[in-house]
Each structure stands twice: as structure tokens, then as C-alpha cells.
$ cat my_file04.cif   # mmCIF, C-alpha atoms
data_coords
#
loop_
_atom_site.label_atom_id
_atom_site.label_comp_id
_atom_site.auth_asym_id
_atom_site.auth_seq_id
_atom_site.Cartn_x
_atom_site.Cartn_y
_atom_site.Cartn_z
CA MET A 154 -12.85 52.86 -178.22
CA GLU A 155 -14.27 51.41 -181.45
CA GLN A 156 -11.94 49.70 -183.84
CA ASN A 157 -10.98 51.64 -186.98
CA ASP A 158 -11.03 49.15 -189.86
CA LYS A 159 -10.26 51.80 -192.48
CA ALA A 160 -6.58 51.87 -191.62
CA ARG A 161 -4.85 48.68 -190.52
CA ILE A 162 -1.50 48.96 -188.77
CA LEU A 163 1.15 46.32 -189.48
CA VAL A 164 3.85 46.01 -186.82
CA ALA A 165 6.92 44.09 -187.99
CA GLY A 166 8.95 42.64 -185.14
CA SER A 167 7.96 40.93 -181.89
CA GLY A 168 10.63 42.21 -179.53
CA PRO A 169 9.71 44.63 -176.72
CA ALA A 170 9.30 47.61 -179.10
CA GLY A 171 7.05 45.64 -181.45
CA LEU A 172 4.91 44.27 -178.63
CA ILE A 173 4.49 47.74 -177.08
CA ALA A 174 3.66 49.26 -180.48
CA ALA A 175 0.98 46.63 -181.12
CA LEU A 176 -0.59 47.21 -177.70
CA GLY A 177 -0.46 50.99 -178.10
CA PHE A 178 -2.07 51.08 -181.55
CA ALA A 179 -4.78 48.65 -180.47
CA LYS A 180 -5.57 50.78 -177.44
CA ALA A 181 -5.82 53.82 -179.75
CA GLY A 182 -8.55 52.03 -181.70
CA PHE A 183 -6.63 50.76 -184.71
CA THR A 184 -6.86 47.25 -186.12
CA VAL A 185 -3.37 45.78 -185.73
CA THR A 186 -1.49 42.87 -187.27
CA LEU A 187 1.73 41.93 -185.48
CA ALA A 188 4.19 39.94 -187.60
CA GLY A 189 6.99 38.16 -185.77
CA PRO A 190 7.82 34.85 -184.09
CA LYS A 191 6.92 34.01 -180.53
CA ALA A 192 8.74 36.46 -178.31
CA ALA A 193 12.07 35.17 -177.01
CA SER A 194 12.05 34.45 -173.29
CA ASP A 195 15.72 33.52 -172.81
CA ASP A 196 17.20 37.03 -173.01
CA GLY A 197 19.40 37.35 -169.92
CA ARG A 198 19.65 41.14 -170.13
CA THR A 199 17.68 43.59 -168.01
CA THR A 200 15.91 46.78 -169.05
CA ALA A 201 15.84 50.05 -167.11
CA LEU A 202 12.55 51.80 -167.83
CA MET A 203 12.28 55.46 -166.89
CA ASN A 204 9.14 57.11 -165.47
CA PRO A 205 7.71 58.42 -168.78
CA ALA A 206 7.97 54.92 -170.27
CA LEU A 207 6.29 53.52 -167.17
CA LYS A 208 3.37 55.90 -167.67
CA MET A 209 2.80 54.48 -171.13
CA LEU A 210 3.04 50.90 -169.86
CA ASP A 211 0.52 51.84 -167.16
CA ARG A 212 -1.88 53.09 -169.84
CA LEU A 213 -1.44 49.75 -171.62
CA GLY A 214 -2.37 47.87 -168.42
CA VAL A 215 0.89 45.97 -167.87
CA LEU A 216 2.77 48.09 -165.33
CA ASP A 217 1.42 46.53 -162.11
CA GLU A 218 2.59 43.06 -163.11
CA LEU A 219 6.02 44.39 -164.08
CA ARG A 220 6.53 46.62 -161.05
CA SER A 221 6.11 43.75 -158.59
CA GLN A 222 9.15 42.01 -160.10
CA ALA A 223 11.39 45.06 -160.58
CA ALA A 224 13.71 47.21 -158.50
CA PRO A 225 13.20 50.99 -158.30
CA LEU A 226 16.06 53.24 -159.41
CA LYS A 227 16.30 56.04 -156.87
CA VAL A 228 19.90 57.18 -157.26
CA MET A 229 22.26 57.15 -160.24
CA ARG A 230 25.96 57.69 -159.76
CA ILE A 231 28.86 58.24 -162.18
CA VAL A 232 32.32 57.25 -160.94
CA ASP A 233 35.50 57.99 -162.89
CA ALA A 234 37.46 54.75 -162.61
CA THR A 235 40.04 55.65 -165.25
CA ARG A 236 43.72 55.89 -164.44
CA ARG A 237 44.28 58.97 -166.57
CA LEU A 238 45.87 62.25 -165.58
CA ILE A 239 42.55 64.12 -165.78
CA ARG A 240 39.86 62.44 -163.69
CA SER A 241 36.32 63.57 -162.96
CA PRO A 242 34.67 63.83 -159.54
CA THR A 243 31.91 61.38 -158.64
CA VAL A 244 28.52 62.77 -159.67
CA THR A 245 25.36 61.61 -157.88
CA PHE A 246 21.86 62.12 -159.26
CA ARG A 247 19.00 61.66 -156.78
CA ALA A 248 15.41 61.40 -157.96
CA SER A 249 14.33 63.23 -154.81
CA GLU A 250 16.19 66.34 -156.05
CA ILE A 251 13.56 66.81 -158.75
CA GLY A 252 10.60 65.74 -156.63
CA GLU A 253 10.46 62.16 -157.92
CA GLU A 254 10.36 59.02 -155.81
CA GLN A 255 12.39 57.17 -158.45
CA PHE A 256 13.85 57.64 -161.92
CA GLY A 257 12.32 54.36 -163.05
CA ILE A 258 12.63 50.62 -162.53
CA ASN A 259 14.98 47.85 -163.63
CA LEU A 260 13.69 44.39 -164.45
CA PRO A 261 14.85 41.26 -166.29
CA ASN A 262 13.83 40.84 -169.92
CA THR A 263 12.71 37.34 -168.92
CA ILE A 264 9.93 39.16 -167.03
CA LEU A 265 9.29 42.08 -169.40
CA ILE A 266 8.91 40.16 -172.64
CA PRO A 267 6.50 37.42 -171.42
CA VAL A 268 4.26 39.99 -169.70
CA LEU A 269 4.07 42.05 -172.90
CA ALA A 270 3.48 38.95 -175.03
CA LYS A 271 0.65 37.79 -172.76
CA ALA A 272 -1.00 41.20 -172.99
CA VAL A 273 -0.74 41.18 -176.80
CA SER A 274 -2.28 37.70 -177.02
CA ALA A 275 -5.19 38.78 -174.80
CA ARG A 276 -5.83 42.14 -176.49
CA ALA A 277 -8.81 42.50 -178.80
CA GLY A 278 -7.91 44.16 -182.08
CA ILE A 279 -4.48 42.50 -182.44
CA GLU A 280 -3.90 39.59 -184.78
CA TRP A 281 -0.50 38.08 -184.05
CA ARG A 282 0.92 36.20 -187.04
CA LYS A 283 3.86 34.34 -185.51
CA SER A 284 5.85 34.48 -188.71
CA MET A 285 8.62 36.69 -190.11
CA VAL A 286 8.13 39.13 -192.95
CA GLU A 287 10.00 37.69 -195.93
CA ALA A 288 9.33 40.39 -198.52
CA TRP A 289 7.86 43.89 -198.74
CA ARG A 290 5.92 45.58 -201.53
CA LEU A 291 5.35 49.24 -200.79
CA GLU A 292 2.80 51.07 -202.93
CA ALA A 293 1.48 54.62 -202.89
CA ASP A 294 -1.61 53.74 -200.85
CA GLN A 295 -0.69 50.52 -198.99
CA ALA A 296 2.20 48.52 -197.58
CA HIS A 297 2.11 44.81 -198.38
CA ALA A 298 4.13 42.21 -196.47
CA SER A 299 4.64 38.60 -197.55
CA LEU A 300 5.14 36.38 -194.51
CA ALA A 301 7.16 33.19 -194.18
CA ASP A 302 3.97 31.18 -193.63
CA GLY A 303 2.80 32.09 -197.16
CA SER A 304 0.24 34.69 -196.13
CA GLU A 305 0.19 38.38 -197.01
CA VAL A 306 -0.79 41.40 -194.91
CA SER A 307 -1.71 44.84 -196.25
CA ALA A 308 -1.81 47.97 -194.14
CA SER A 309 -1.93 51.74 -194.35
CA LEU A 310 1.10 52.00 -192.06
CA ALA A 311 3.95 49.58 -191.48
CA VAL A 312 5.75 50.04 -188.15
CA ALA A 313 9.34 48.85 -188.47
CA ALA A 314 10.20 47.39 -185.06
CA ASP A 315 12.42 44.77 -186.70
CA GLY A 316 15.77 45.67 -185.21
CA ARG A 317 19.00 47.40 -186.10
CA LEU A 318 19.32 45.69 -189.51
CA SER A 319 15.59 46.38 -190.26
CA PRO A 320 14.49 44.77 -193.54
CA ALA A 321 11.46 47.12 -193.51
CA ARG A 322 13.77 50.15 -193.39
CA GLU A 323 15.76 48.80 -196.32
CA ALA A 324 12.58 48.09 -198.32
CA ALA A 325 11.42 51.67 -197.71
CA GLY A 326 14.66 52.96 -199.24
CA ILE A 327 15.80 54.65 -196.03
CA ARG A 328 19.58 54.74 -195.87
CA ALA A 329 21.29 54.38 -192.50
CA SER A 330 24.83 55.28 -191.52
CA ALA A 331 26.47 52.76 -189.20
CA ARG A 332 29.75 52.40 -187.40
CA SER A 333 31.26 49.70 -185.23
CA TYR A 334 33.08 50.43 -181.99
CA PRO A 335 36.17 48.54 -180.79
CA GLN A 336 34.07 47.46 -177.82
CA SER A 337 31.82 44.63 -176.68
CA ALA A 338 29.44 44.50 -173.74
CA LEU A 339 29.61 41.57 -171.34
CA VAL A 340 26.15 41.24 -169.78
CA LEU A 341 25.31 39.21 -166.68
CA ASN A 342 23.49 39.29 -163.34
CA PHE A 343 25.12 38.82 -159.94
CA GLY A 344 24.35 38.53 -156.26
CA HIS A 345 26.12 40.61 -153.61
CA ARG A 346 26.51 40.64 -149.84
CA SER A 347 25.57 44.29 -149.18
CA GLU A 348 22.33 46.12 -149.98
CA HIS A 349 22.42 48.19 -153.16
CA GLY A 350 20.09 50.82 -151.70
CA PHE A 351 18.41 51.14 -155.15
CA ILE A 352 21.53 52.94 -156.40
CA SER A 353 22.83 52.38 -159.92
CA THR A 354 26.53 53.08 -160.43
CA GLU A 355 28.19 53.68 -163.78
CA PHE A 356 31.98 53.36 -163.55
CA HIS A 357 33.72 55.08 -166.44
CA THR A 358 36.81 53.21 -167.63
CA GLU A 359 39.24 53.57 -170.53
CA THR A 360 37.35 50.88 -172.47
CA GLY A 361 33.81 52.13 -171.73
CA PRO A 362 31.26 52.07 -168.92
CA PHE A 363 30.96 49.36 -166.26
CA THR A 364 27.34 49.75 -165.14
CA GLN A 365 25.69 48.09 -162.13
CA VAL A 366 21.91 48.40 -161.94
CA PRO A 367 19.78 47.15 -158.99
CA LEU A 368 17.49 44.13 -159.20
CA PRO A 369 15.10 42.95 -156.47
CA GLY A 370 16.87 41.68 -153.34
CA LYS A 371 20.64 41.63 -153.04
CA ARG A 372 21.09 41.27 -156.79
CA SER A 373 22.14 43.55 -159.63
CA SER A 374 22.59 43.44 -163.38
CA LEU A 375 25.88 44.34 -165.04
CA VAL A 376 26.84 45.76 -168.43
CA TRP A 377 30.64 45.74 -168.68
CA VAL A 378 32.00 47.40 -171.83
CA VAL A 379 35.52 46.30 -172.76
CA LYS A 380 37.59 45.40 -175.81
CA PRO A 381 36.07 42.46 -177.75
CA GLU A 382 38.96 40.15 -176.89
CA THR A 383 38.70 41.08 -173.21
CA ALA A 384 34.98 40.31 -173.22
CA LYS A 385 35.70 36.80 -174.51
CA GLU A 386 38.41 36.29 -171.89
CA LEU A 387 36.12 37.42 -169.07
CA ALA A 388 33.23 35.28 -170.28
CA ALA A 389 35.52 32.22 -170.33
CA LEU A 390 36.50 32.58 -166.66
CA ASP A 391 35.06 30.24 -164.02
CA ASP A 392 32.43 31.70 -161.68
CA ALA A 393 34.82 32.36 -158.80
CA SER A 394 37.40 34.14 -160.96
CA LEU A 395 34.83 36.28 -162.75
CA SER A 396 33.14 37.15 -159.44
CA ALA A 397 36.49 38.35 -158.11
CA ARG A 398 37.09 40.46 -161.21
CA VAL A 399 33.66 42.08 -160.94
CA GLU A 400 34.18 42.79 -157.23
CA GLU A 401 37.57 44.34 -157.92
CA GLN A 402 36.15 46.53 -160.70
CA MET A 403 33.38 47.68 -158.33
CA GLN A 404 35.93 48.51 -155.64
CA SER A 405 34.10 46.04 -153.33
CA MET A 406 31.27 48.57 -153.12
CA LEU A 407 28.65 45.83 -152.64
CA GLY A 408 30.82 43.35 -150.75
CA ARG A 409 31.34 39.78 -151.89
CA ILE A 410 30.12 39.16 -155.47
CA SER A 411 28.66 35.94 -156.87
CA VAL A 412 27.97 35.93 -160.62
CA GLU A 413 24.93 34.02 -161.80
CA PRO A 414 24.74 31.61 -164.76
CA GLY A 415 24.15 33.09 -168.18
CA ARG A 416 26.76 35.37 -169.74
CA GLN A 417 26.16 37.20 -172.99
CA ILE A 418 28.42 39.28 -175.23
CA TYR A 419 27.13 42.03 -177.53
CA PRO A 420 29.37 43.92 -179.99
CA LEU A 421 28.83 47.68 -179.75
CA SER A 422 27.86 49.85 -182.69
CA ALA A 423 25.98 52.99 -183.60
CA ALA A 424 23.52 53.58 -186.42
CA SER A 425 21.20 56.35 -187.51
CA PRO A 426 18.87 56.60 -190.51
CA VAL A 427 18.69 59.65 -192.79
CA ARG A 428 14.97 59.88 -191.94
CA PHE A 429 12.55 58.11 -189.63
CA ALA A 430 9.71 57.42 -192.05
CA GLN A 431 9.13 56.99 -195.78
CA ASN A 432 7.04 54.99 -198.25
CA ARG A 433 4.39 53.82 -195.74
CA VAL A 434 7.07 52.72 -193.22
CA ALA A 435 7.82 54.37 -189.86
CA LEU A 436 10.90 53.36 -187.85
CA VAL A 437 10.82 52.72 -184.10
CA GLY A 438 13.29 51.27 -181.60
CA GLU A 439 16.59 49.97 -182.95
CA ALA A 440 15.39 50.37 -186.53
CA ALA A 441 15.51 54.11 -185.79
CA HIS A 442 18.56 54.43 -183.52
CA VAL A 443 21.43 52.32 -182.21
CA PHE A 444 24.05 53.55 -179.75
CA PRO A 445 26.19 52.26 -176.85
CA PRO A 446 24.49 51.26 -173.56
CA ILE A 447 25.08 54.49 -171.62
CA GLY A 448 22.46 56.32 -169.59
CA ALA A 449 19.58 53.83 -169.99
CA GLN A 450 18.32 55.43 -173.21
CA GLY A 451 17.64 52.46 -175.54
CA LEU A 452 14.08 51.16 -175.10
CA ASN A 453 13.01 54.40 -173.39
CA LEU A 454 13.77 56.27 -176.61
CA GLY A 455 11.95 53.56 -178.56
CA ILE A 456 8.85 53.95 -176.40
CA ARG A 457 8.89 57.69 -177.13
CA ASP A 458 9.06 56.80 -180.85
CA ILE A 459 5.96 54.66 -180.44
CA ASP A 460 4.08 57.21 -178.35
CA ASP A 461 4.74 60.00 -180.88
CA LEU A 462 3.84 57.75 -183.83
CA ILE A 463 0.52 56.73 -182.26
CA GLY A 464 -0.30 60.37 -181.53
CA ILE A 465 0.35 61.39 -185.14
CA ALA A 466 -1.56 58.38 -186.50
CA ASP A 467 -4.49 59.33 -184.30
CA GLU A 468 -4.47 62.79 -185.91
CA ASN A 469 -4.53 61.14 -189.36
CA ARG A 470 -6.88 58.25 -188.70
CA ASN A 471 -8.16 57.82 -192.24
CA ASP A 472 -4.64 57.28 -193.56
CA PRO A 473 -1.98 57.05 -190.82
CA GLY A 474 0.66 56.04 -193.36
CA SER A 475 0.19 59.05 -195.61
CA ARG A 476 3.08 61.30 -196.62
CA THR A 477 1.72 64.04 -194.36
CA SER A 478 1.60 61.70 -191.36
CA LEU A 479 5.07 60.28 -191.95
CA ALA A 480 6.58 63.73 -192.51
CA ALA A 481 5.12 64.88 -189.19
CA TYR A 482 6.58 61.83 -187.45
CA ASP A 483 10.02 62.43 -188.96
CA THR A 484 9.96 66.07 -187.86
CA ARG A 485 8.84 65.22 -184.34
CA ARG A 486 11.39 62.49 -183.66
CA ARG A 487 14.47 64.04 -185.24
CA PRO A 488 15.51 66.44 -182.42
CA ASP A 489 15.02 63.92 -179.58
CA VAL A 490 16.87 61.09 -181.33
CA PHE A 491 19.68 63.37 -182.53
CA VAL A 492 20.33 64.86 -179.09
CA ARG A 493 20.24 61.52 -177.24
CA SER A 494 22.34 59.55 -179.71
CA SER A 495 24.88 62.36 -180.12
CA ALA A 496 25.33 62.77 -176.37
CA VAL A 497 25.80 59.04 -175.80
CA ASN A 498 28.21 58.62 -178.71
CA LEU A 499 30.27 61.65 -177.70
CA LEU A 500 30.55 60.48 -174.10
CA ASN A 501 31.56 57.00 -175.23
CA MET A 502 34.20 58.39 -177.60
CA SER A 503 35.54 60.66 -174.86
CA LEU A 504 36.12 57.58 -172.71
CA LEU A 505 38.05 55.88 -175.51
CA SER A 506 40.10 58.95 -176.39
CA ASP A 507 43.61 59.38 -175.00
CA MET A 508 43.61 63.02 -176.10
CA LEU A 509 43.96 65.45 -173.21
CA PRO A 510 41.38 67.97 -174.56
CA ALA A 511 38.67 65.28 -174.64
CA GLN A 512 39.48 64.29 -171.06
CA LEU A 513 39.41 67.92 -169.95
CA VAL A 514 36.02 68.55 -171.52
CA ARG A 515 34.49 65.40 -170.00
CA SER A 516 35.97 66.16 -166.58
CA ALA A 517 34.86 69.79 -166.65
CA GLY A 518 31.34 68.84 -167.67
CA LEU A 519 30.94 66.27 -164.89
CA ASN A 520 32.53 68.65 -162.39
CA VAL A 521 29.94 71.33 -163.17
CA LEU A 522 27.11 68.79 -162.94
CA GLY A 523 28.36 67.59 -159.59
CA SER A 524 28.74 71.02 -158.05
CA PHE A 525 25.84 73.02 -159.53
CA ALA A 526 22.48 71.66 -158.34
CA PRO A 527 20.20 73.63 -160.75
CA LEU A 528 22.11 72.34 -163.78
CA ARG A 529 22.08 68.82 -162.37
CA ALA A 530 18.30 69.05 -161.88
CA PHE A 531 17.93 70.32 -165.46
CA PHE A 532 19.81 67.32 -166.88
CA MET A 533 17.88 64.88 -164.70
CA ARG A 534 14.57 66.25 -165.93
CA GLU A 535 15.72 66.27 -169.54
CA GLY A 536 17.02 62.71 -169.13
CA LEU A 537 13.55 61.56 -168.11
CA ARG A 538 11.40 63.67 -170.41
CA PRO A 539 12.66 65.88 -173.27
CA GLY A 540 11.64 69.49 -172.73
CA SER A 541 10.78 69.10 -169.06
CA GLY A 542 14.07 70.67 -167.96
CA PHE A 543 13.33 73.77 -170.02
CA GLN A 544 9.76 73.85 -168.68
CA ALA A 545 11.06 73.78 -165.10
CA LEU A 546 13.50 76.62 -165.87
CA ALA A 547 10.72 78.69 -167.46
CA GLY A 548 8.48 78.02 -164.46
CA GLY A 549 11.23 79.16 -162.13
CA PHE A 550 11.72 82.39 -164.08
CA ARG A 551 7.97 83.05 -163.99
CA ARG A 552 7.88 82.53 -160.23
CA GLN A 553 10.82 84.91 -159.80
CA ALA A 554 9.12 87.53 -161.98
CA GLY A 555 5.90 87.24 -159.97
CA ARG A 556 7.56 88.07 -156.70
#

$ encode --input "my_file04.cif" --output "C-alpha cells"
Amino acid sequence: MEQNDKARILVAGSGPAGLIAALGFAKAGFTVTLAGPKAASDDGRTTALMNPALKMLDRLGVLDELRSQAAPLKVMRIVDATRRLIRSPTVTFRASEIGEEQFGINLPNTILIPVLAKAVSARAGIEWRKSMVEAWRLEADQAHASLADGSEVSASLAVAADGRLSPAREAAGIRASARSYPQSALVLNFGHRSEHGFISTEFHTETGPFTQVPLPGKRSSLVWVVKPETAKELAALDDASLSARVEEQMQSMLGRISVEPGRQIYPLSAASPVRFAQNRVALVGEAAHVFPPIGAQGLNLGIRDIDDLIGIADENRNDPGSRTSLAAYDTRRRPDVFVRSSAVNLLNMSLLSDMLPAQLVRSAGLNVLGSFAPLRAFFMREGLRPGSGFQALAGGFRRQAGR
């Protein structure tokens, strides 16, 4: 596709969301400037990418290289590991129930980020200025960014992929409500004696989820949400002691555990903006939504932001940053982001709550999911692709009516 020089796209931020946005806009035929330092390659976390996100990465030409170094996610399981009076049954979600081979893949960020960065560097139509945006000047017809290297970039549309504190969001005058949780996530990878069978297990505890996600071989990643002081205590343990604690928390499900070097702690918070675009700036990724690490929603939601934004920009090619374009983006993203973030925050708060009604509601909901296959299939489809659960229900009704 020919490059469109009439409307430059400026992507601020060189994390995964920024790299994917730059690749996506370039593929759509826009001239792109990416502003951000060389992508970090020392992030010890992993990312679970669901099938719809993988389809986009396939269109961008990077999926094959990623898939060879990732583990498929074929089964997801929720286990109530609380010690409360009201406990929920174990709920198992199988991709095969909805005709899928897998829900997605899990891979280390040390693989994901370099592959994306290499693709950006090789892509025609992307100029990567490896410098931070220091100041914004947003005018009626253009967004102007002053970079730390002394240069300036002007664009029709500025894509804010600059993280949860997003200077671009602030410059656009978009207010965001934020709250901190009395929780931190301890993140690490570990080896184990038994095969994981490509099953991810999320143990629900009184302090938050303890989530094991498969990696290639007899290895898994772990996100363990606990009180901040507990996270520090766990991170300070020697390898043998921490391995024993992880094995105990997993109920020895994968046999002997051996934690790997590299432990990271992340305080948990939630944030949501009053709108997703304004004054030539559109928010994607953590600039648009922050919530606890439950249900593998983070980057997957960010990729949907990017996909929707590119689609709307393509419909408004002469001026993708116009008020009409940004209003359409805000309208399109609002329901998806609201539903996902609300569900995750409510589930997290229900885990922290000692109130019996909250425990009853959570237990009843999981009990229905575990025992009623059609509802479980609906939630699995909706978890992968918003609207697909309703489409499947409508298709089922049409088939019944045609009999």
C-alpha cells in the first residue's frame, strides 16, 4: 500500500503497545514516527496473548517468530484456595469446548519486545526517534512533540502509548481517575518436575490471585498477588525457601519447584480516563486502562485499542486526528474497556472482601460457570473476542428456528 504523507502518525512510547501501534499504522499506509528509547529487553515478565491479538500480530508479520518460542494455552482453570466459609468449586475452561485449539500463547517479554523492535526497525514508513517526548503542543490541526534530543515532530494524530502516567494524556487535558490497591504482584519464572499440559491455573486467595501460566518445556511463569510487605518478604527469600513456598501454594500440582533468577515486584492499581481521545491525542494500552493482572486482559485489550484506532484512522485518512475521528474512537472503545476493567476490578475486590455477600456472589457465579456449559462457552468466547459470545448465541437461536 502506498504511503500517505498527508497525515503523519506520531506514536509516543516504545513498549509493546507502542511498537505494535507503529507497525500497524505503517502497514495501513500511514507515515509513522515512533518516539521512545530503545525498547527494554530486561523485562522478566511474560505476556499471554489471546487468539484475536495473535491474528493482528500475524498480519504484522511477527507471529511465526514469536510462536516458536511460546507455549500454547489450551486450558485455563480457576481454583478457590481461600480458607473462607464460602468457597467456590474449581472451574475449568477448555479451548476445545468452543472449537479452538488454544486460547492463545504465553511468551517471555524478553522474546516479545526484541522481535517487535526488530520488525519496527526493518519496516519502511517508520522513523524511530529513540528519544522521549519532553513537551507537547496541541493545536487545532496538528500535534507537536518536542523530543529530548532537541528535535520536534508534528503529526495529525498522536497515539499515546506512553504508559499509565501518560504525559500525552495529561497534555491533552484528559483526566483519569486512579486508585491504589493494598496489593503487590511478585513476578518470576520457575521450573517444575511435572508437565504442565499447557494448563494455566489461577488460584484465588484472600490477598489476590496466584497465577501459573505455561512456558515452553517444564517451565511456567508466576504472578503472585499479595500484600506489599509480603511481596518484599517473599522476594528476599533464598531460592530454596521461595521454591518451597511456591510449591506449597500450588498444592504440589506440578511437583518439585525450582524458581529461576530474576524477581520483580509491581504495586497494583487501577486507572481509567474520562475519555479515550481528545485534542489530537488517542489513548492506547496502559494510557487508556490499568487494572489488576487477572484474566490475561492487559496487552490484549491494548491491541484491540490499536486495531480499532487504525480502522477509524483508515476511514478518516485525510485527517485521522480530527474531532470526528477521535469521537468515533472514544465511542468504539468505551464499552469494551468499561466491561473488562469493571469485571476485573470487581473480581479482585471480591477476593479482598471479608463480607459474606461478596463471597456468596463470587461463589455462585463460579458455580454456575462450572456447571452450565453454554454459559461457560459464552464467557470463553467473550473473553477472547467481544461480541463473539452473543454472535454464537444468535447463531444457535437461528439454527433452532430453522429446524

$ closest_residue --input "my_file04.cif" --among "A:Ser307, A:Asn453, A:Ala424, A:Glu292" --to "Phe491 (chain A)" --atoms "all atoms listed in the file"
A:Ala424

$ resolve_selection --input "my_file04.cif" --expression "the PyMOL selection byres ((chain A and resi 219) around 9)" --output "PyMOL selection string"
chain A and resi 215-218+220-223+260+264-265+268

$ write_last_selection --input "my_file04.cif" --atoms "C-alpha atoms" --output "mmCIF file, in the frame of the given file"
data_model
loop_
_atom_site.group_PDB
_atom_site.id
_atom_site.type_symbol
_atom_site.label_atom_id
_atom_site.label_comp_id
_atom_site.auth_asym_id
_atom_site.auth_seq_id
_atom_site.Cartn_x
_atom_site.Cartn_y
_atom_site.Cartn_z
ATOM 1 C CA VAL A 215 0.890 45.970 -167.870
ATOM 2 C CA LEU A 216 2.770 48.090 -165.330
ATOM 3 C CA ASP A 217 1.420 46.530 -162.110
ATOM 4 C CA GLU A 218 2.590 43.060 -163.110
ATOM 5 C CA ARG A 220 6.530 46.620 -161.050
ATOM 6 C CA SER A 221 6.110 43.750 -158.590
ATOM 7 C CA GLN A 222 9.150 42.010 -160.100
ATOM 8 C CA ALA A 223 11.390 45.060 -160.580
ATOM 9 C CA LEU A 260 13.690 44.390 -164.450
ATOM 10 C CA ILE A 264 9.930 39.160 -167.030
ATOM 11 C CA LEU A 265 9.290 42.080 -169.400
ATOM 12 C CA VAL A 268 4.260 39.990 -169.700
#

$ resolve_selection --input "my_file04.cif" --expression "the PyMOL selection byres ((chain A and resi 346-353) around 12)" --output "PyMOL selection string"
chain A and resi 201+223-232+244-248+254-259+343-345+354-356+363-376+400+403+405-412+448-449

$ resolve_selection --input "my_file04.cif" --expression "the PyMOL selection byres ((chain A and resi 465-469) around 10)" --output "list of chain:residue names"
A:Ala160, A:Ile162, A:Phe178, A:Ala181, A:Gly182, A:Phe183, A:Leu310, A:Ile459, A:Asp460, A:Asp461, A:Leu462, A:Ile463, A:Gly464, A:Arg470, A:Asn471, A:Asp472, A:Pro473, A:Gly474, A:Ser475, A:Thr477, A:Ser478, A:Leu479, A:Ala480, A:Ala481, A:Tyr482, A:Arg485

$ write_last_selection --input "my_file04.cif" --atoms "C-alpha atoms" --output "PDB file, keeping the file's coordinate frame"
ATOM      1  CA  ALA A 160      -6.580  51.870-191.620  1.00  0.00           C
ATOM      2  CA  ILE A 162      -1.500  48.960-188.770  1.00  0.00           C
ATOM      3  CA  PHE A 178      -2.070  51.080-181.550  1.00  0.00           C
ATOM      4  CA  ALA A 181      -5.820  53.820-179.750  1.00  0.00           C
ATOM      5  CA  GLY A 182      -8.550  52.030-181.700  1.00  0.00           C
ATOM      6  CA  PHE A 183      -6.630  50.760-184.710  1.00  0.00           C
ATOM      7  CA  LEU A 310       1.100  52.000-192.060  1.00  0.00           C
ATOM      8  CA  ILE A 459       5.960  54.660-180.440  1.00  0.00           C
ATOM      9  CA  ASP A 460       4.080  57.210-178.350  1.00  0.00           C
ATOM     10  CA  ASP A 461       4.740  60.000-180.880  1.00  0.00           C
ATOM     11  CA  LEU A 462       3.840  57.750-183.830  1.00  0.00           C
ATOM     12  CA  ILE A 463       0.520  56.730-182.260  1.00  0.00           C
ATOM     13  CA  GLY A 464      -0.300  60.370-181.530  1.00  0.00           C
ATOM     14  CA  ARG A 470      -6.880  58.250-188.700  1.00  0.00           C
ATOM     15  CA  ASN A 471      -8.160  57.820-192.240  1.00  0.00           C
ATOM     16  CA  ASP A 472      -4.640  57.280-193.560  1.00  0.00           C
ATOM     17  CA  PRO A 473      -1.980  57.050-190.820  1.00  0.00           C
ATOM     18  CA  GLY A 474       0.660  56.040-193.360  1.00  0.00           C
ATOM     19  CA  SER A 475       0.190  59.050-195.610  1.00  0.00           C
ATOM     20  CA  THR A 477       1.720  64.040-194.360  1.00  0.00           C
ATOM     21  CA  SER A 478       1.600  61.700-191.360  1.00  0.00           C
ATOM     22  CA  LEU A 479       5.070  60.280-191.950  1.00  0.00           C
ATOM     23  CA  ALA A 480       6.580  63.730-192.510  1.00  0.00           C
ATOM     24  CA  ALA A 481       5.120  64.880-189.190  1.00  0.00           C
ATOM     25  CA  TYR A 482       6.580  61.830-187.450  1.00  0.00           C
ATOM     26  CA  ARG A 485       8.840  65.220-184.340  1.00  0.00           C
TER      27      ARG A 485
END

$ closest_residue --input "my_file04.cif" --among "A:Val427, A:Leu163, A:Gly214, A:Thr263" --to "Val286 (chain A)" --atoms "all atoms listed in the file"
A:Leu163

$ atom_distance --input "my_file04.cif" --atom1 "CA of Leu454 (chain A)" --atom2 "CA of Gln336 (chain A)"
22.2 Å

$ residues_around --input "my_file04.cif" --residues "Leu172 (chain A)" --least-positions-apart "3" --cutoff "9 Å" --atoms "all atoms listed in the file" --output "PyMOL selection string"
chain A and resi 164+166-169+175-177+187+192+266+269-270+272-273+314

$ atom_distance --input "my_file04.cif" --atom1 "CA of Thr200 (chain A)" --atom2 "CA of Leu452 (chain A)"
7.7 Å

$ atom_distance --input "my_file04.cif" --atom1 "CA of Val379 (chain A)" --atom2 "CA of Ala397 (chain A)"
16.7 Å
